[in-house]
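For reference, data.tsv is printed below; it contains TSV, C-alpha atoms and all ligand atoms.
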```tsv
chain	number	residue	atom	x	y	z
A	1	MET	CA	90.63	104.55	126.78
A	2	ILE	CA	94.16	104.33	125.36
A	3	GLY	CA	93.89	106.20	122.08
A	4	PHE	CA	95.99	105.41	119.08
A	5	ASN	CA	97.63	108.84	119.04
A	6	ALA	CA	97.70	112.09	121.01
A	7	ALA	CA	99.16	115.30	119.58
A	8	PRO	CA	102.63	115.87	121.09
A	9	PHE	CA	102.74	118.75	123.60
A	10	VAL	CA	105.82	119.56	125.67
A	11	GLY	CA	104.74	122.72	127.52
A	12	LYS	CA	106.45	125.69	125.84
A	13	GLU	CA	104.02	125.83	122.92
A	14	PHE	CA	101.64	128.40	124.51
A	15	GLU	CA	104.49	130.73	125.45
A	16	TYR	CA	105.95	130.72	121.93
A	17	MET	CA	102.56	131.10	120.26
A	18	LYS	CA	101.87	134.06	122.55
A	19	GLN	CA	105.22	135.56	121.54
A	20	ALA	CA	104.30	135.23	117.88
A	21	ILE	CA	101.01	137.01	118.57
A	22	ASP	CA	102.68	139.73	120.70
A	23	HIS	CA	105.10	140.45	117.84
A	24	HIS	CA	102.10	141.15	115.58
A	25	LYS	CA	103.67	138.80	113.08
A	26	ILE	CA	101.43	135.82	112.62
A	27	CYS	CA	101.64	135.35	108.85
A	28	GLY	CA	104.32	133.26	107.17
A	29	ASP	CA	108.11	133.54	107.39
A	30	GLY	CA	108.15	135.22	110.80
A	31	GLU	CA	110.68	134.69	113.58
A	32	PHE	CA	109.59	131.14	114.49
A	33	THR	CA	109.44	130.00	110.88
A	34	LYS	CA	113.04	131.17	110.48
A	35	LYS	CA	114.13	129.34	113.63
A	36	CYS	CA	112.45	126.12	112.44
A	37	LYS	CA	114.00	126.43	108.99
A	38	ALA	CA	117.49	126.89	110.51
A	39	TRP	CA	116.90	123.93	112.85
A	40	ILE	CA	116.02	121.60	109.98
A	41	GLU	CA	119.01	122.78	107.94
A	42	GLN	CA	121.44	122.32	110.86
A	43	ASN	CA	120.04	118.99	111.96
A	44	THR	CA	119.80	117.38	108.53
A	45	GLY	CA	122.54	119.11	106.53
A	46	THR	CA	120.17	119.91	103.63
A	47	ALA	CA	121.05	122.89	101.41
A	48	GLU	CA	117.63	124.44	101.99
A	49	ALA	CA	114.52	123.73	104.05
A	50	LEU	CA	111.24	125.55	103.40
A	51	LEU	CA	108.48	125.23	105.96
A	52	THR	CA	105.17	124.40	104.26
A	53	THR	CA	101.51	124.09	105.17
A	54	SER	CA	101.70	120.27	104.95
A	55	CYS	CA	103.76	117.40	103.63
A	56	THR	CA	101.14	117.09	100.90
A	57	HIS	CA	102.01	120.64	99.83
A	58	ALA	CA	105.75	119.92	100.03
A	59	LEU	CA	105.12	116.98	97.66
A	60	GLU	CA	103.10	119.28	95.37
A	61	MET	CA	106.00	121.73	95.31
A	62	ALA	CA	108.39	118.90	94.48
A	63	ALA	CA	106.12	117.83	91.59
A	64	LEU	CA	106.14	121.42	90.29
A	65	LEU	CA	109.91	121.68	90.62
A	66	CYS	CA	110.36	118.37	88.76
A	67	ASP	CA	108.27	119.96	86.00
A	68	ILE	CA	105.87	117.02	85.89
A	69	LYS	CA	103.62	117.27	82.82
A	70	PRO	CA	100.51	115.36	81.69
A	71	GLY	CA	101.55	111.92	80.48
A	72	ASP	CA	104.71	111.74	82.59
A	73	GLU	CA	105.07	108.65	84.75
A	74	VAL	CA	106.07	108.55	88.40
A	75	ILE	CA	107.10	105.35	90.19
A	76	MET	CA	106.08	104.73	93.82
A	77	PRO	CA	104.73	102.04	96.13
A	78	SER	CA	100.98	101.42	96.29
A	79	TYR	CA	101.27	100.92	100.04
A	80	THR	CA	101.36	104.62	100.99
A	81	PHE	CA	99.22	107.61	101.92
A	82	VAL	CA	97.14	109.18	99.15
A	83	SER	CA	99.18	112.41	99.08
A	84	THR	CA	102.25	110.64	97.72
A	85	ALA	CA	100.29	110.00	94.51
A	86	ASP	CA	97.91	112.97	94.55
A	87	ALA	CA	100.69	115.56	94.38
A	88	PHE	CA	101.79	114.13	91.02
A	89	VAL	CA	98.28	113.35	89.74
A	90	LEU	CA	97.48	117.07	90.13
A	91	ARG	CA	100.17	117.74	87.50
A	92	GLY	CA	98.67	115.14	85.15
A	93	ALA	CA	101.10	112.31	85.85
A	94	THR	CA	100.30	108.62	85.56
A	95	ILE	CA	101.28	106.74	88.71
A	96	VAL	CA	103.16	103.48	88.23
A	97	PHE	CA	102.92	101.40	91.39
A	98	VAL	CA	105.44	98.68	92.18
A	99	ASP	CA	105.37	96.08	94.91
A	100	ILE	CA	106.83	96.47	98.40
A	101	ARG	CA	109.36	94.39	100.31
A	102	PRO	CA	107.59	92.39	103.01
A	103	ASP	CA	110.38	93.00	105.56
A	104	THR	CA	110.29	96.82	105.70
A	105	MET	CA	107.02	97.51	103.82
A	106	ASN	CA	109.09	99.89	101.64
A	107	ILE	CA	109.19	99.95	97.84
A	108	ASP	CA	111.15	96.95	96.51
A	109	GLU	CA	114.18	98.62	94.95
A	110	LYS	CA	114.83	95.55	92.79
A	111	LEU	CA	111.52	96.01	90.94
A	112	ILE	CA	111.93	99.69	90.07
A	113	GLU	CA	114.12	99.46	86.98
A	114	ASP	CA	111.70	97.18	85.14
A	115	ALA	CA	108.91	99.75	85.61
A	116	ILE	CA	110.86	102.56	83.92
A	117	THR	CA	109.66	103.70	80.47
A	118	GLU	CA	110.47	106.59	78.11
A	119	ARG	CA	107.91	108.64	80.04
A	120	THR	CA	109.23	108.06	83.55
A	121	LYS	CA	110.23	111.31	85.26
A	122	ALA	CA	110.62	110.50	88.95
A	123	ILE	CA	110.88	107.84	91.62
A	124	VAL	CA	109.15	108.50	94.95
A	125	PRO	CA	110.44	106.29	97.76
A	126	VAL	CA	108.33	106.39	100.93
A	127	HIS	CA	110.27	105.75	104.13
A	128	TYR	CA	107.62	103.74	105.93
A	129	ALA	CA	107.64	104.00	109.74
A	130	GLY	CA	110.79	106.15	109.58
A	131	VAL	CA	112.81	103.20	108.24
A	132	ALA	CA	114.71	104.14	105.10
A	133	CYS	CA	114.23	102.60	101.67
A	134	GLU	CA	117.34	101.06	100.05
A	135	MET	CA	118.48	104.49	98.88
A	136	ASP	CA	121.91	103.66	97.38
A	137	THR	CA	120.24	101.37	94.86
A	138	ILE	CA	117.40	103.81	94.17
A	139	LEU	CA	119.73	106.79	93.67
A	140	GLU	CA	121.95	104.74	91.38
A	141	ILE	CA	118.97	103.72	89.20
A	142	ALA	CA	117.79	107.33	89.10
A	143	ARG	CA	121.24	108.57	88.06
A	144	ARG	CA	121.51	106.07	85.22
A	145	HIS	CA	118.03	106.89	83.87
A	146	ASN	CA	118.19	110.62	84.58
A	147	LEU	CA	115.19	110.60	86.94
A	148	TYR	CA	114.32	112.77	89.91
A	149	VAL	CA	114.12	111.23	93.35
A	150	VAL	CA	111.48	112.77	95.64
A	151	GLU	CA	111.58	111.26	99.12
A	152	ASP	CA	108.29	111.03	100.95
A	153	ALA	CA	109.92	111.36	104.36
A	154	ALA	CA	106.64	112.35	106.04
A	155	GLN	CA	107.38	109.83	108.82
A	156	GLY	CA	111.15	110.22	108.63
A	157	ILE	CA	112.30	113.20	110.68
A	158	MET	CA	115.33	112.38	112.90
A	159	ALA	CA	115.84	109.05	111.11
A	160	THR	CA	118.91	108.24	109.01
A	161	TYR	CA	120.23	105.99	106.24
A	162	LYS	CA	123.98	105.30	106.48
A	163	GLY	CA	124.21	108.27	108.81
A	164	LYS	CA	122.44	110.71	106.46
A	165	SER	CA	119.09	112.28	107.33
A	166	LEU	CA	116.05	111.00	105.46
A	167	GLY	CA	114.79	113.70	103.12
A	168	THR	CA	118.31	114.86	102.16
A	169	LEU	CA	119.21	112.03	99.78
A	170	GLY	CA	117.02	112.73	96.74
A	171	GLU	CA	116.67	116.05	94.89
A	172	PHE	CA	113.69	116.76	97.17
A	173	GLY	CA	112.57	115.49	100.55
A	174	CYS	CA	109.21	116.06	102.19
A	175	TYR	CA	108.50	116.07	105.94
A	176	SER	CA	105.17	116.14	107.73
A	177	PHE	CA	104.43	117.91	111.01
A	178	HIS	CA	100.83	116.74	111.15
A	179	GLU	CA	99.65	115.94	114.69
A	180	THR	CA	100.07	112.21	114.06
A	181	LYS	CA	103.78	112.59	113.35
A	182	ASN	CA	106.69	112.59	115.84
A	183	LEU	CA	107.14	116.39	115.85
A	184	SER	CA	104.11	118.49	115.11
A	185	MET	CA	102.57	121.88	114.40
A	186	GLY	CA	99.01	120.61	113.91
A	187	GLU	CA	99.14	120.75	110.14
A	188	GLY	CA	102.44	121.49	108.44
A	189	GLY	CA	105.49	120.16	106.68
A	190	ALA	CA	108.77	121.04	105.04
A	191	LEU	CA	110.39	120.76	101.64
A	192	LEU	CA	114.09	119.89	101.70
A	193	ILE	CA	116.10	120.84	98.63
A	194	ARG	CA	119.46	119.20	97.93
A	195	GLU	CA	120.73	121.46	95.16
A	196	GLN	CA	121.18	125.24	94.90
A	197	GLN	CA	119.71	125.35	91.36
A	198	PHE	CA	116.16	124.67	92.64
A	199	ILE	CA	116.08	126.99	95.64
A	200	GLU	CA	115.08	130.28	94.01
A	201	ARG	CA	112.25	128.71	92.00
A	202	ALA	CA	111.02	126.87	95.10
A	203	GLU	CA	110.88	130.12	97.11
A	204	ILE	CA	108.87	131.74	94.33
A	205	MET	CA	106.41	128.85	94.00
A	206	ARG	CA	105.84	128.86	97.74
A	207	GLU	CA	105.00	132.60	97.65
A	208	LYS	CA	102.19	132.52	95.06
A	209	GLY	CA	104.65	132.68	92.18
A	210	THR	CA	106.20	135.94	93.37
A	211	ASN	CA	109.71	136.92	94.48
A	212	ARG	CA	108.36	138.25	97.80
A	213	SER	CA	110.94	136.22	99.80
A	214	LYS	CA	113.75	138.16	98.08
A	215	PHE	CA	111.88	141.42	98.69
A	216	PHE	CA	111.56	140.69	102.45
A	217	ARG	CA	115.28	140.01	102.62
A	218	GLY	CA	115.88	143.43	101.04
A	219	GLU	CA	117.49	141.96	97.93
A	220	ILE	CA	115.06	143.72	95.55
A	221	ASP	CA	112.98	146.91	96.01
A	222	LYS	CA	109.64	145.60	94.74
A	223	TYR	CA	108.20	142.20	94.19
A	224	SER	CA	106.23	140.86	91.26
A	225	TRP	CA	104.72	137.80	89.66
A	226	CYS	CA	107.51	135.60	88.21
A	227	ASP	CA	106.27	132.03	87.86
A	228	MET	CA	103.41	129.69	88.67
A	229	GLY	CA	102.91	129.02	92.34
A	230	SER	CA	100.54	128.83	95.23
A	231	SER	CA	100.33	129.68	98.94
A	232	TYR	CA	102.40	127.11	100.77
A	233	LEU	CA	103.55	129.18	103.79
A	234	PRO	CA	102.34	128.21	107.24
A	235	SER	CA	101.37	130.82	109.83
A	236	ASP	CA	104.11	131.79	112.29
A	237	MET	CA	101.72	130.79	115.12
A	238	ASN	CA	101.93	127.20	113.93
A	239	ALA	CA	105.69	127.48	113.51
A	240	ALA	CA	105.86	128.67	117.16
A	241	TYR	CA	104.22	125.40	118.23
A	242	LEU	CA	106.72	123.48	116.11
A	243	TRP	CA	109.66	125.41	117.58
A	244	ALA	CA	108.76	124.15	121.07
A	245	GLN	CA	108.75	120.63	119.63
A	246	PHE	CA	112.10	121.10	117.88
A	247	GLU	CA	113.68	122.31	121.14
A	248	ALA	CA	112.43	119.10	122.78
A	249	ALA	CA	113.10	116.86	119.78
A	250	ASP	CA	115.62	114.62	121.55
A	251	GLN	CA	113.33	114.21	124.55
A	252	ILE	CA	110.34	113.39	122.32
A	253	THR	CA	112.35	110.86	120.31
A	254	ALA	CA	113.78	109.23	123.46
A	255	LYS	CA	110.28	108.86	124.88
A	256	ARG	CA	108.92	107.28	121.71
A	257	MET	CA	111.97	105.04	121.55
A	258	SER	CA	111.33	103.76	125.09
A	259	ILE	CA	107.76	102.78	124.11
A	260	TRP	CA	108.97	101.19	120.86
A	261	ASN	CA	111.62	99.21	122.77
A	262	ALA	CA	109.12	98.06	125.40
A	263	TYR	CA	106.90	96.61	122.65
A	264	ASP	CA	109.88	95.10	120.91
A	265	GLU	CA	111.28	93.43	124.02
A	266	ALA	CA	107.89	91.87	124.69
A	267	PHE	CA	107.18	90.78	121.13
A	268	ARG	CA	110.47	90.13	119.26
A	269	ASP	CA	110.72	86.51	120.42
A	270	TYR	CA	107.04	86.04	121.19
A	271	GLY	CA	106.53	84.02	118.03
A	272	ARG	CA	102.82	84.60	117.38
A	273	PHE	CA	103.27	87.37	114.79
A	274	GLU	CA	105.95	89.34	112.94
A	275	VAL	CA	107.57	92.49	114.27
A	276	PRO	CA	109.35	95.35	112.43
A	277	TYR	CA	112.68	94.70	110.73
A	278	ILE	CA	115.27	97.48	110.87
A	279	PRO	CA	118.11	97.06	108.34
A	280	GLN	CA	121.64	97.60	109.69
A	281	GLU	CA	122.17	100.86	107.78
A	282	CYS	CA	118.95	102.45	109.07
A	283	GLN	CA	118.47	104.38	112.29
A	284	HIS	CA	114.72	104.67	112.80
A	285	ASN	CA	112.87	107.30	114.84
A	286	ALA	CA	110.25	105.20	116.66
A	287	HIS	CA	107.52	106.68	114.51
A	288	MET	CA	105.54	103.46	114.52
A	289	TYR	CA	105.37	100.05	116.13
A	290	TYR	CA	103.44	97.59	114.02
A	291	ILE	CA	102.88	93.88	114.15
A	292	LYS	CA	101.90	91.60	111.28
A	293	VAL	CA	99.46	88.90	112.30
A	294	LYS	CA	98.37	85.79	110.37
A	295	ASP	CA	95.68	87.32	108.18
A	296	LEU	CA	92.84	89.83	107.89
A	297	GLU	CA	90.52	87.71	110.01
A	298	GLU	CA	92.99	87.51	112.90
A	299	ARG	CA	93.63	91.25	112.67
A	300	THR	CA	89.91	92.06	112.81
A	301	ALA	CA	89.50	89.86	115.89
A	302	LEU	CA	92.55	91.39	117.60
A	303	ILE	CA	91.33	94.95	116.95
A	304	ALA	CA	87.94	94.02	118.45
A	305	HIS	CA	89.59	92.40	121.47
A	306	LEU	CA	91.75	95.47	122.11
A	307	LEU	CA	88.81	97.84	121.63
A	308	SER	CA	86.74	95.87	124.15
A	309	HIS	CA	89.62	96.49	126.57
A	310	ASP	CA	89.73	100.22	125.84
A	311	ILE	CA	92.69	100.18	123.45
A	312	ARG	CA	92.51	101.66	120.02
A	313	ALA	CA	94.87	100.01	117.51
A	314	VAL	CA	94.59	100.97	113.85
A	315	PHE	CA	95.66	99.87	110.40
A	316	HIS	CA	96.34	101.63	107.09
A	317	TYR	CA	96.67	101.90	104.06
A	318	VAL	CA	94.18	100.50	101.58
A	319	PRO	CA	96.64	99.92	98.69
A	320	LEU	CA	96.26	102.85	96.30
A	321	HIS	CA	96.12	100.73	93.15
A	322	SER	CA	92.96	99.03	94.39
A	323	SER	CA	91.14	102.31	95.12
A	324	GLN	CA	88.83	104.08	92.69
A	325	ALA	CA	91.23	106.97	92.07
A	326	GLY	CA	94.22	104.64	91.97
A	327	ARG	CA	92.68	102.65	89.13
A	328	ARG	CA	91.88	105.85	87.27
A	329	PHE	CA	95.25	107.58	87.67
A	330	GLY	CA	97.66	104.70	87.92
A	331	ARG	CA	98.61	101.15	87.09
A	332	PHE	CA	100.40	98.42	88.98
A	333	HIS	CA	103.56	97.27	87.24
A	334	GLY	CA	104.34	93.61	87.77
A	335	GLU	CA	102.60	91.41	90.27
A	336	ASP	CA	101.09	92.42	93.59
A	337	VAL	CA	102.76	89.72	95.65
A	338	TYR	CA	103.07	91.56	98.95
A	339	THR	CA	101.28	94.94	98.85
A	340	THR	CA	97.74	93.68	99.47
A	341	LYS	CA	98.64	90.60	101.48
A	342	GLU	CA	100.96	92.38	103.90
A	343	SER	CA	98.76	95.47	104.31
A	344	ASP	CA	95.83	93.21	105.26
A	345	ARG	CA	97.68	91.81	108.27
A	346	LEU	CA	99.48	94.87	109.59
A	347	LEU	CA	98.33	96.48	112.84
A	348	ARG	CA	99.77	99.63	114.44
A	349	LEU	CA	99.93	99.78	118.22
A	350	PRO	CA	99.44	103.02	120.18
A	351	ILE	CA	102.61	105.09	120.45
A	352	TYR	CA	102.70	108.78	121.38
A	353	TYR	CA	104.75	111.18	123.48
A	354	SER	CA	102.41	111.37	126.48
A	355	MET	CA	101.83	107.61	126.70
A	356	LYS	CA	102.56	106.28	130.19
A	357	PRO	CA	104.73	103.17	130.78
A	358	GLU	CA	101.80	101.43	132.49
A	359	GLU	CA	99.65	102.10	129.41
A	360	THR	CA	102.25	100.48	127.17
A	361	ALA	CA	102.45	97.54	129.60
A	362	TYR	CA	98.66	97.23	129.48
A	363	VAL	CA	98.64	97.14	125.66
A	364	ILE	CA	101.30	94.40	125.74
A	365	GLU	CA	99.29	92.47	128.32
A	366	GLN	CA	96.10	92.68	126.27
A	367	VAL	CA	97.80	91.64	123.01
A	368	MET	CA	99.17	88.60	124.85
A	369	ALA	CA	95.80	87.92	126.47
A	370	PHE	CA	94.31	87.69	122.96
A	371	TYR	CA	96.81	84.97	122.08
A	372	GLY	CA	96.29	83.22	125.43
A	373	LYS	CA	99.83	84.09	126.64
B	401	LIG	C1	101.35	111.84	106.93
B	401	LIG	C2	101.82	111.45	105.59
B	401	LIG	C3	101.67	112.29	104.47
B	401	LIG	C4	100.87	113.56	104.51
B	401	LIG	O1	101.32	114.50	105.41
B	401	LIG	P1	100.45	115.85	105.65
B	401	LIG	O2	101.42	116.72	106.39
B	401	LIG	O3	99.28	115.46	106.46
B	401	LIG	O4	100.11	116.39	104.33
B	401	LIG	C5	102.21	111.90	103.27
B	401	LIG	N1	102.86	110.73	103.14
B	401	LIG	C6	103.00	109.87	104.18
B	401	LIG	C7	103.75	108.59	103.97
B	401	LIG	C8	102.48	110.21	105.43
B	401	LIG	O5	102.63	109.36	106.45
```

Can the structure from this file be put into structure tokens for me?
Amino acid sequence: MIGFNAAPFVGKEFEYMKQAIDHHKICGDGEFTKKCKAWIEQNTGTAEALLTTSCTHALEMAALLCDIKPGDEVIMPSYTFVSTADAFVLRGATIVFVDIRPDTMNIDEKLIEDAITERTKAIVPVHYAGVACEMDTILEIARRHNLYVVEDAAQGIMATYKGKSLGTLGEFGCYSFHETKNLSMGEGGALLIREQQFIERAEIMREKGTNRSKFFRGEIDKYSWCDMGSSYLPSDMNAAYLWAQFEAADQITAKRMSIWNAYDEAFRDYGRFEVPYIPQECQHNAHMYYIKVKDLEERTALIAHLLSHDIRAVFHYVPLHSSQAGRRFGRFHGEDVYTTKESDRLLRLPIYYSMKPEETAYVIEQVMAFYGK
């Protein structure tokens, strides 16, 4: 069976996790957490990176830092993972969904301005498949309307827009290190902060509302409760796993890229379905290879064909605005021209670090067998 995903493992993870345990420092902000934080800051150029327990929690921290209050509105695509919306719904926000562009499956930047009201507080672009949204336009709209930009860059590590790392463009950027992402720690994430003014409050919110981070750095002689917050620190054992992945980040990306390119060479001019579009200004990270077939019926038949040949291909997302919670907490602004239609025909092919070239070749062969070559 060729699974859809396998957690990335490069070999050093056990050694580093053992080191974390031997140091008797397995809670948060230990040696490996610090190394990972420094790696993200050096590799992306962000002012501050805070390792978190998930991307969902990084998004929750961003919602807290944007001071989202009941009744505030937040603009995002409906074609995204539930956490993008949930983090803001927890603060009482109303979600305003706008349509996506069919070429990148990202939020259509041209539809954002019309969705802005007196209550709008933030725009949340989601960089689908590690391909950036049209950020110059989005940042310009946000500047003119005085809105926060929170990037859901869960799939975007090591990808860039006009040479800048995804997650560093808005006030806040959120990465995921879930096992389905390019670089992993099982469950985990990071909050990237662009401006100095938010850093101290973010540190406090991540440490249960206390200034314990300052205390551990020796900057104060006792710590106390300062603000609202929660427990968003991952264990240093998990950070040790991530550190092994960061050390091998180029190798992991190159491997994923070779799989992505093998699919693309086979399918770009194949003509039976659509393949991903990468705008000139975007460097992607081979997070995902998807195809868009004729319709839902064709997709269902293709999935069944692949499964009967021991290949698991998957789809996502059920558009949030059509879900029970989406209807309760949000509304769709404008017309759903592409969100539902395009999501119904998108299929993700297996892509993961340990995938063998012959497995990729077999997936290509079986997709083509379905279409009768
Ligand atoms: C994976 C993902 C998340 C959630 O990440 P977790 O680390 O599992 O919380 C959020 N948004 C998008 C777009 C994702 O792909």

Could you report the residues within 9 Å of ligand LIG 401 (chain B), using all atoms listed in the file, as a PyMOL selection string? chain A and resi 52-59+79-84+126-129+152-156+174-181+186-190

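Straight-line separation from CA of Glu73 (chain A) to CA of Thr44 (chain A): 29.3 Å.
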
From the set A:Asn261, A:Asn182, A:Ala325, A:Ile364, which residue has the shortest atom-to-atom contact distance to Ala7 (chain A), counting only C-alpha atoms?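 Result for the nearest residue to Ala7 (chain A): A:Asn182.
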
Given 4 Å on each side, where is the centre and what are the edge lengths in Å to one decimal of the axis-aligned box enclosing the listed atoms of region 345-356 of chain A, as lines of an AutoDock Vina configuration file?
```
center_x = 101.2
center_y = 101.6
center_z = 119.2
size_x = 15.1
size_y = 27.6
size_z = 29.9
```

One decimal, Å: what's the distance from CA of Val98 (chain A) over to CA of Ile112 (chain A), could you say?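 The value is 6.9 Å.
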
Just the residues within 12 Å of Gln196 (chain A), please, counting all atoms listed in the file, with nothing from its chain fewer than 2 positions along; format it as a PyMOL selection string. chain A and resi 46-49+171-172+192-194+198-203

Shell of 9 Å around Phe14 (chain A), only C-alpha atoms, local chain residues under 6 positions omitted, as a list in words: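 So, after excluding close chain neighbours, the residues are Ala240, Tyr241 and Ala244 of chain A.
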
Can region 13-21 of chain A be brought up to all heavy atoms and written out as a short mmCIF file (atom, residue, chain, number, x, y, z; two decimals), keeping the file's coordinate frame?
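Output file selection_9.cif is given in full below:
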```
data_model
loop_
_atom_site.label_atom_id
_atom_site.label_comp_id
_atom_site.auth_asym_id
_atom_site.auth_seq_id
_atom_site.Cartn_x
_atom_site.Cartn_y
_atom_site.Cartn_z
N GLU A 13 104.74 125.42 124.13
CA GLU A 13 104.02 125.83 122.92
C GLU A 13 103.21 127.11 123.13
O GLU A 13 103.25 128.03 122.30
CB GLU A 13 103.07 124.70 122.45
CG GLU A 13 103.79 123.51 121.82
CD GLU A 13 104.25 122.48 122.84
OE1 GLU A 13 104.25 122.77 124.05
OE2 GLU A 13 104.63 121.37 122.41
N PHE A 14 102.48 127.21 124.27
CA PHE A 14 101.64 128.40 124.51
C PHE A 14 102.48 129.66 124.57
O PHE A 14 102.13 130.69 124.00
CB PHE A 14 100.87 128.25 125.84
CG PHE A 14 99.68 127.34 125.73
CD1 PHE A 14 99.49 126.32 126.66
CD2 PHE A 14 98.75 127.50 124.72
CE1 PHE A 14 98.40 125.48 126.57
CE2 PHE A 14 97.65 126.66 124.62
CZ PHE A 14 97.48 125.65 125.55
N GLU A 15 103.61 129.56 125.28
CA GLU A 15 104.49 130.73 125.45
C GLU A 15 104.98 131.23 124.08
O GLU A 15 104.95 132.43 123.79
CB GLU A 15 105.67 130.30 126.32
CG GLU A 15 106.63 131.41 126.67
CD GLU A 15 107.88 130.85 127.37
OE1 GLU A 15 107.74 129.85 128.13
OE2 GLU A 15 108.96 131.39 127.13
N TYR A 16 105.42 130.31 123.24
CA TYR A 16 105.95 130.72 121.93
C TYR A 16 104.84 131.23 121.02
O TYR A 16 105.04 132.18 120.27
CB TYR A 16 106.70 129.55 121.28
CG TYR A 16 107.98 129.19 121.99
CD1 TYR A 16 108.51 127.91 121.90
CD2 TYR A 16 108.68 130.12 122.76
CE1 TYR A 16 109.69 127.56 122.54
CE2 TYR A 16 109.85 129.79 123.41
CZ TYR A 16 110.35 128.51 123.31
OH TYR A 16 111.51 128.17 123.95
N MET A 17 103.67 130.62 121.10
CA MET A 17 102.56 131.10 120.26
C MET A 17 102.14 132.50 120.72
O MET A 17 101.83 133.37 119.90
CB MET A 17 101.39 130.12 120.32
CG MET A 17 101.71 128.83 119.56
SD MET A 17 100.39 127.64 119.61
CE MET A 17 99.34 128.28 118.31
N LYS A 18 102.19 132.73 122.03
CA LYS A 18 101.87 134.06 122.55
C LYS A 18 102.91 135.08 122.06
O LYS A 18 102.56 136.20 121.66
CB LYS A 18 101.84 134.04 124.09
CG LYS A 18 101.48 135.38 124.71
CD LYS A 18 101.34 135.29 126.22
CE LYS A 18 100.91 136.62 126.81
NZ LYS A 18 101.79 137.74 126.50
N GLN A 19 104.17 134.67 122.06
CA GLN A 19 105.22 135.56 121.54
C GLN A 19 104.96 135.93 120.09
O GLN A 19 105.10 137.09 119.70
CB GLN A 19 106.59 134.87 121.62
CG GLN A 19 107.29 135.06 122.95
CD GLN A 19 108.64 134.32 122.96
OE1 GLN A 19 109.33 134.23 121.95
NE2 GLN A 19 109.00 133.77 124.11
N ALA A 20 104.59 134.95 119.30
CA ALA A 20 104.30 135.23 117.88
C ALA A 20 103.18 136.25 117.77
O ALA A 20 103.25 137.20 116.98
CB ALA A 20 103.93 133.93 117.16
N ILE A 21 102.16 136.10 118.61
CA ILE A 21 101.01 137.01 118.57
C ILE A 21 101.43 138.40 119.06
O ILE A 21 101.09 139.42 118.45
CB ILE A 21 99.84 136.44 119.40
CG1 ILE A 21 99.32 135.15 118.73
CG2 ILE A 21 98.70 137.46 119.53
CD1 ILE A 21 98.47 134.27 119.63
#
```
